[in-house]
Structure formats: C-alpha cells, structure tokens
file work-v5.cif (mmCIF, C-alpha atoms; chains and numbers go by the auth columns)
data_input
loop_
_atom_site.group_PDB
_atom_site.id
_atom_site.type_symbol
_atom_site.label_atom_id
_atom_site.label_comp_id
_atom_site.label_asym_id
_atom_site.label_seq_id
_atom_site.Cartn_x
_atom_site.Cartn_y
_atom_site.Cartn_z
_atom_site.B_iso_or_equiv
_atom_site.auth_seq_id
_atom_site.auth_asym_id
ATOM 1 C CA MET A 1 25.023 16.481 -3.219 0.00 503 X
ATOM 2 C CA ASN A 2 26.816 19.805 -3.584 0.00 504 X
ATOM 3 C CA GLN A 3 23.942 21.242 -1.565 0.00 505 X
ATOM 4 C CA TYR A 4 25.828 20.070 1.555 0.00 506 X
ATOM 5 C CA THR A 5 28.789 22.360 0.890 0.00 507 X
ATOM 6 C CA ASN A 6 29.110 25.313 3.273 0.00 508 X
ATOM 7 C CA ASP A 7 30.163 28.887 2.492 0.00 509 X
ATOM 8 C CA ALA A 8 33.816 27.913 3.028 0.00 510 X
ATOM 9 C CA GLY A 9 33.519 25.277 0.278 0.00 511 X
ATOM 10 C CA GLN A 10 33.618 22.342 2.722 0.00 512 X
ATOM 11 C CA MET A 11 31.283 19.417 2.104 0.00 513 X
ATOM 12 C CA LEU A 12 29.616 18.370 5.373 0.00 514 X
ATOM 13 C CA CYS A 13 28.225 15.032 6.527 0.00 515 X
ATOM 14 C CA GLN A 14 24.460 15.191 7.125 0.00 516 X
ATOM 15 C CA ILE A 15 24.803 13.327 10.427 0.00 517 X
ATOM 16 C CA CYS A 16 27.999 14.444 12.210 0.00 518 X
ATOM 17 C CA LYS A 17 27.927 17.838 10.421 0.00 519 X
ATOM 18 C CA GLU A 18 31.733 17.661 10.090 0.00 520 X
ATOM 19 C CA GLU A 19 33.781 18.197 6.940 0.00 521 X
ATOM 20 C CA MET A 20 34.164 15.057 4.845 0.00 522 X
ATOM 21 C CA PRO A 21 37.462 13.357 5.748 0.00 523 X
ATOM 22 C CA PHE A 22 39.340 13.856 2.480 0.00 524 X
ATOM 23 C CA LYS A 23 39.278 14.961 -1.119 0.00 525 X
ATOM 24 C CA LYS A 24 39.911 12.567 -3.956 0.00 526 X
ATOM 25 C CA ARG A 25 42.714 13.065 -6.486 0.00 527 X
ATOM 26 C CA ASN A 26 40.322 15.031 -8.684 0.00 528 X
ATOM 27 C CA GLY A 27 39.751 17.533 -5.851 0.00 529 X
ATOM 28 C CA GLU A 28 36.176 16.462 -5.083 0.00 530 X
ATOM 29 C CA TYR A 29 35.205 15.352 -1.598 0.00 531 X
ATOM 30 C CA TYR A 30 34.869 11.659 -0.892 0.00 532 X
ATOM 31 C CA PHE A 31 31.483 10.826 0.651 0.00 533 X
ATOM 32 C CA GLU A 32 29.131 7.883 0.720 0.00 534 X
ATOM 33 C CA ALA A 33 25.700 8.286 -0.855 0.00 535 X
ATOM 34 C CA ILE A 34 23.498 6.073 1.313 0.00 536 X
ATOM 35 C CA GLU A 35 19.846 5.433 0.492 0.00 537 X
ATOM 36 C CA GLU A 36 17.800 6.765 3.418 0.00 538 X
ATOM 37 C CA LEU A 37 15.420 3.809 3.574 0.00 539 X
ATOM 38 C CA SER A 38 15.170 0.414 1.897 0.00 540 X
ATOM 39 C CA LYS A 39 13.734 0.114 -1.602 0.00 541 X
ATOM 40 C CA ASP A 40 10.443 -1.050 -0.026 0.00 542 X
ATOM 41 C CA TYR A 41 9.746 2.592 0.895 0.00 543 X
ATOM 42 C CA PHE A 42 10.172 4.046 -2.594 0.00 544 X
ATOM 43 C CA SER A 43 8.243 3.356 -5.781 0.00 545 X
ATOM 44 C CA LYS A 44 11.117 4.597 -7.983 0.00 546 X
ATOM 45 C CA GLU A 45 14.679 5.800 -7.530 0.00 547 X
ATOM 46 C CA HIS A 46 15.379 9.506 -7.099 0.00 548 X
ATOM 47 C CA GLU A 47 18.524 11.415 -6.083 0.00 549 X
ATOM 48 C CA ALA A 48 16.713 12.884 -3.062 0.00 550 X
ATOM 49 C CA GLN A 49 16.501 9.401 -1.485 0.00 551 X
ATOM 50 C CA PHE A 50 20.211 9.514 -0.689 0.00 552 X
ATOM 51 C CA LEU A 51 22.140 10.975 2.225 0.00 553 X
ATOM 52 C CA ALA A 52 25.658 12.405 1.890 0.00 554 X
ATOM 53 C CA LEU A 53 27.587 10.795 4.748 0.00 555 X
ATOM 54 C CA CYS A 54 31.182 10.481 5.889 0.00 556 X
ATOM 55 C CA PRO A 55 32.455 6.869 5.987 0.00 557 X
ATOM 56 C CA LEU A 56 31.993 6.486 9.764 0.00 558 X
ATOM 57 C CA CYS A 57 28.432 7.826 9.812 0.00 559 X
ATOM 58 C CA ALA A 58 27.615 5.743 6.710 0.00 560 X
ATOM 59 C CA ALA A 59 28.790 2.564 8.441 0.00 561 X
ATOM 60 C CA MET A 60 26.775 3.336 11.600 0.00 562 X
ATOM 61 C CA TYR A 61 23.716 4.286 9.539 0.00 563 X
ATOM 62 C CA LYS A 62 23.843 1.018 7.608 0.00 564 X
ATOM 63 C CA GLU A 63 24.215 -0.997 10.822 0.00 565 X
ATOM 64 C CA PHE A 64 21.681 0.752 13.051 0.00 566 X
ATOM 65 C CA VAL A 65 19.061 2.008 10.584 0.00 567 X
ATOM 66 C CA LYS A 66 19.225 0.070 7.321 0.00 568 X
ATOM 67 C CA LEU A 67 19.387 -3.325 9.078 0.00 569 X
ATOM 68 C CA ASP A 68 16.526 -2.493 11.464 0.00 570 X
ATOM 69 C CA GLU A 69 13.013 -2.373 9.998 0.00 571 X
ATOM 70 C CA ASN A 70 11.644 -0.599 13.094 0.00 572 X
ATOM 71 C CA ALA A 71 14.322 2.100 12.836 0.00 573 X
ATOM 72 C CA MET A 72 13.526 2.649 9.150 0.00 574 X
ATOM 73 C CA ARG A 73 9.796 2.883 9.843 0.00 575 X
ATOM 74 C CA ALA A 74 10.423 5.366 12.691 0.00 576 X
ATOM 75 C CA LEU A 75 12.692 7.456 10.468 0.00 577 X
ATOM 76 C CA LYS A 76 10.113 7.509 7.663 0.00 578 X
ATOM 77 C CA ASN A 77 7.454 8.694 10.111 0.00 579 X
ATOM 78 C CA ALA A 78 9.798 11.344 11.504 0.00 580 X
ATOM 79 C CA LEU A 79 10.692 12.553 8.011 0.00 581 X
ATOM 80 C CA MET A 80 7.056 12.810 6.987 0.00 582 X
ATOM 81 C CA ASN A 81 5.768 14.416 10.177 0.00 583 X
ATOM 82 C CA SER A 82 8.528 16.745 11.323 0.00 584 X
ATOM 83 C CA GLU A 83 8.265 20.460 10.653 0.00 585 X
ATOM 84 C CA ASP A 84 12.032 20.789 11.045 0.00 586 X
ATOM 85 C CA PRO A 85 14.599 19.697 8.418 0.00 587 X
ATOM 86 C CA GLU A 86 16.679 18.082 11.162 0.00 588 X
ATOM 87 C CA VAL A 87 15.362 14.740 12.442 0.00 589 X
ATOM 88 C CA SER A 88 16.521 12.857 15.547 0.00 590 X
ATOM 89 C CA LEU A 89 18.350 9.615 14.908 0.00 591 X
ATOM 90 C CA ASP A 90 19.721 6.814 17.099 0.00 592 X
ATOM 91 C CA LEU A 91 22.861 5.114 15.827 0.00 593 X
ATOM 92 C CA GLY A 92 23.391 2.452 18.462 0.00 594 X
ATOM 93 C CA GLU A 93 24.295 4.320 21.642 0.00 595 X
ATOM 94 C CA LEU A 94 24.855 7.576 19.752 0.00 596 X
ATOM 95 C CA LYS A 95 21.904 9.966 19.918 0.00 597 X
ATOM 96 C CA THR A 96 22.245 12.341 16.974 0.00 598 X
ATOM 97 C CA SER A 97 20.263 13.758 14.065 0.00 599 X
ATOM 98 C CA VAL A 98 20.255 13.933 10.293 0.00 600 X
ATOM 99 C CA ARG A 99 20.093 17.415 8.807 0.00 601 X
ATOM 100 C CA PHE A 100 18.666 18.333 5.404 0.00 602 X
ATOM 101 C CA VAL A 101 18.866 21.500 3.353 0.00 603 X
ATOM 102 C CA GLU A 102 15.381 22.835 2.610 0.00 604 X
ATOM 103 C CA SER A 103 15.173 21.656 -1.017 0.00 605 X
ATOM 104 C CA HIS A 104 16.316 18.106 -0.135 0.00 606 X
ATOM 105 C CA TRP A 105 13.911 18.082 2.824 0.00 607 X
ATOM 106 C CA GLN A 106 10.933 19.032 0.654 0.00 608 X
ATOM 107 C CA ASP A 107 11.906 16.529 -2.070 0.00 609 X
ATOM 108 C CA ILE A 108 12.178 13.569 0.318 0.00 610 X
ATOM 109 C CA LYS A 109 8.874 14.421 2.017 0.00 611 X
ATOM 110 C CA THR A 110 7.159 14.568 -1.396 0.00 612 X
ATOM 111 C CA ILE A 111 8.685 11.262 -2.508 0.00 613 X
ATOM 112 C CA LEU A 112 7.611 9.515 0.709 0.00 614 X
ATOM 113 C CA GLN A 113 4.070 10.900 0.482 0.00 615 X
ATOM 114 C CA GLU A 114 3.751 9.776 -3.139 0.00 616 X
ATOM 115 C CA SER A 115 5.124 6.324 -2.339 0.00 617 X
ATOM 116 C CA GLY A 116 2.391 5.781 0.228 0.00 618 X
ATOM 117 C CA PRO A 117 2.452 3.217 3.021 0.00 619 X
ATOM 118 C CA ILE A 118 4.663 0.162 2.706 0.00 620 X
ATOM 119 C CA SER A 119 3.207 -3.288 2.738 0.00 621 X
ATOM 120 C CA GLN A 120 3.556 -5.116 6.028 0.00 622 X
#

call {"tool": "encode", "arguments": {"input": "work-v5.cif", "output": "structure tokens"}}
result
Amino acid sequence: MNQYTNDAGQMLCQICKEEMPFKKRNGEYYFEAIEELSKDYFSKEHEAQFLALCPLCAAMYKEFVKLDENAMRALKNALMNSEDPEVSLDLGELKTSVRFVESHWQDIKTILQESGPISQ
C-alpha cells in the first residue's frame, strides 16, 4: 500500500485523500486495509482487492458499502466500467469518491473481470 504515499512521504487515504492520522511506533503509517467488496465478488484473495483507508473512512465504508449488497454491486459496476481511476462513492449522506493509482486500478479491474458475475 506504499503506492498511496505522496512525494512528501505522506500516506493518503483513498477516500478522503488526507494524510493518515498517525504513525505507529515503528514509524510506519497506521491505516486500515479494507477489502473493496465481499468475498462473493472474488474467486481468490489478492492484495489489489484492498483499499488503504483512514479509520474514519474505513468505518463509513464498512457501514455504507460492505453492509449493503446494492452498494457493493454498484461499486463493482463502476470499477469495471469507469475510464477514470477515481470512482464516485456514497457513504451515507457523504458524497465522495475512491481514488486509485493506475497500477492498483488496472489490477482491480482485471481481478473483477476474471472473477466474472456473482451468483444472485
């Protein structure tokens, strides 16, 4: 997840785009690696399935995306069909987006295409 570190060496949340709130005792940033979609959407586990989020965005993502099958399906469709590595996202009343670096963007699109449609 070091791909979300800017030129100043700050690790940024993929949703709020702010610097992670603190560094651990070992000097590395604390972040939450949250699986983008439920395991139903992936045939096997891969690092690209995870988002690097600050604790607040992680909590909102879990509540408003991971617990809502329609939100997950909409996000999968957006990820697969968007030409832009930044995809709109609703977290309750917050209208925001999730941003990907190009390599992560291409990896997640490939994984989702290979996984195929989920069973209903």

call {"tool": "resolve_selection", "arguments": {"input": "work-v5.cif", "expression": "the PyMOL selection byres ((chain X and resi 526-537) around 12)", "output": "PyMOL selection string"}}
result
chain X and resi 503-504+506-507+511-517+520-525+538-544+547-565+567-568+574+610

call {"tool": "resolve_selection", "arguments": {"input": "work-v5.cif", "expression": "the PyMOL selection byres ((chain X and resi 588-594) around 10)", "output": "ChimeraX atom specification"}}
result
/X:516-517,559,561-567,573,576-577,580-581,583-587,595-604,607

call {"tool": "write_last_selection", "arguments": {"input": "work-v5.cif", "atoms": "C-alpha atoms", "output": "mmCIF file, keeping the file's coordinate frame"}}
result
data_model
loop_
_atom_site.group_PDB
_atom_site.id
_atom_site.type_symbol
_atom_site.label_atom_id
_atom_site.label_comp_id
_atom_site.auth_asym_id
_atom_site.auth_seq_id
_atom_site.Cartn_x
_atom_site.Cartn_y
_atom_site.Cartn_z
ATOM 1 C CA GLN X 516 24.460 15.191 7.125
ATOM 2 C CA ILE X 517 24.803 13.327 10.427
ATOM 3 C CA CYS X 559 28.432 7.826 9.812
ATOM 4 C CA ALA X 561 28.790 2.564 8.441
ATOM 5 C CA MET X 562 26.775 3.336 11.600
ATOM 6 C CA TYR X 563 23.716 4.286 9.539
ATOM 7 C CA LYS X 564 23.843 1.018 7.608
ATOM 8 C CA GLU X 565 24.215 -0.997 10.822
ATOM 9 C CA PHE X 566 21.681 0.752 13.051
ATOM 10 C CA VAL X 567 19.061 2.008 10.584
ATOM 11 C CA ALA X 573 14.322 2.100 12.836
ATOM 12 C CA ALA X 576 10.423 5.366 12.691
ATOM 13 C CA LEU X 577 12.692 7.456 10.468
ATOM 14 C CA ALA X 580 9.798 11.344 11.504
ATOM 15 C CA LEU X 581 10.692 12.553 8.011
ATOM 16 C CA ASN X 583 5.768 14.416 10.177
ATOM 17 C CA SER X 584 8.528 16.745 11.323
ATOM 18 C CA GLU X 585 8.265 20.460 10.653
ATOM 19 C CA ASP X 586 12.032 20.789 11.045
ATOM 20 C CA PRO X 587 14.599 19.697 8.418
ATOM 21 C CA GLU X 595 24.295 4.320 21.642
ATOM 22 C CA LEU X 596 24.855 7.576 19.752
ATOM 23 C CA LYS X 597 21.904 9.966 19.918
ATOM 24 C CA THR X 598 22.245 12.341 16.974
ATOM 25 C CA SER X 599 20.263 13.758 14.065
ATOM 26 C CA VAL X 600 20.255 13.933 10.293
ATOM 27 C CA ARG X 601 20.093 17.415 8.807
ATOM 28 C CA PHE X 602 18.666 18.333 5.404
ATOM 29 C CA VAL X 603 18.866 21.500 3.353
ATOM 30 C CA GLU X 604 15.381 22.835 2.610
ATOM 31 C CA TRP X 607 13.911 18.082 2.824
#

call {"tool": "atom_distance", "arguments": {"input": "work-v5.cif", "atom1": "CA of Leu614 in chain X", "atom2": "CA of Lys578 in chain X"}}
result
7.7 Å

call {"tool": "atom_distance", "arguments": {"input": "work-v5.cif", "atom1": "CA of Gln615 in chain X", "atom2": "CA of Asn508 in chain X"}}
result
29.0 Å

call {"tool": "atom_distance", "arguments": {"input": "work-v5.cif", "atom1": "CA of Lys546 in chain X", "atom2": "CA of Ser617 in chain X"}}
result
8.4 Å

call {"tool": "axis_aligned_box", "arguments": {"input": "work-v5.cif", "around": "range 520-528 of chain X", "padding_each_side": "3 Å", "output": "JSON"}}
result
{"center_x": 37.2, "center_y": 15.4, "center_z": 0.7, "size_x": 17.0, "size_y": 11.6, "size_z": 24.8}
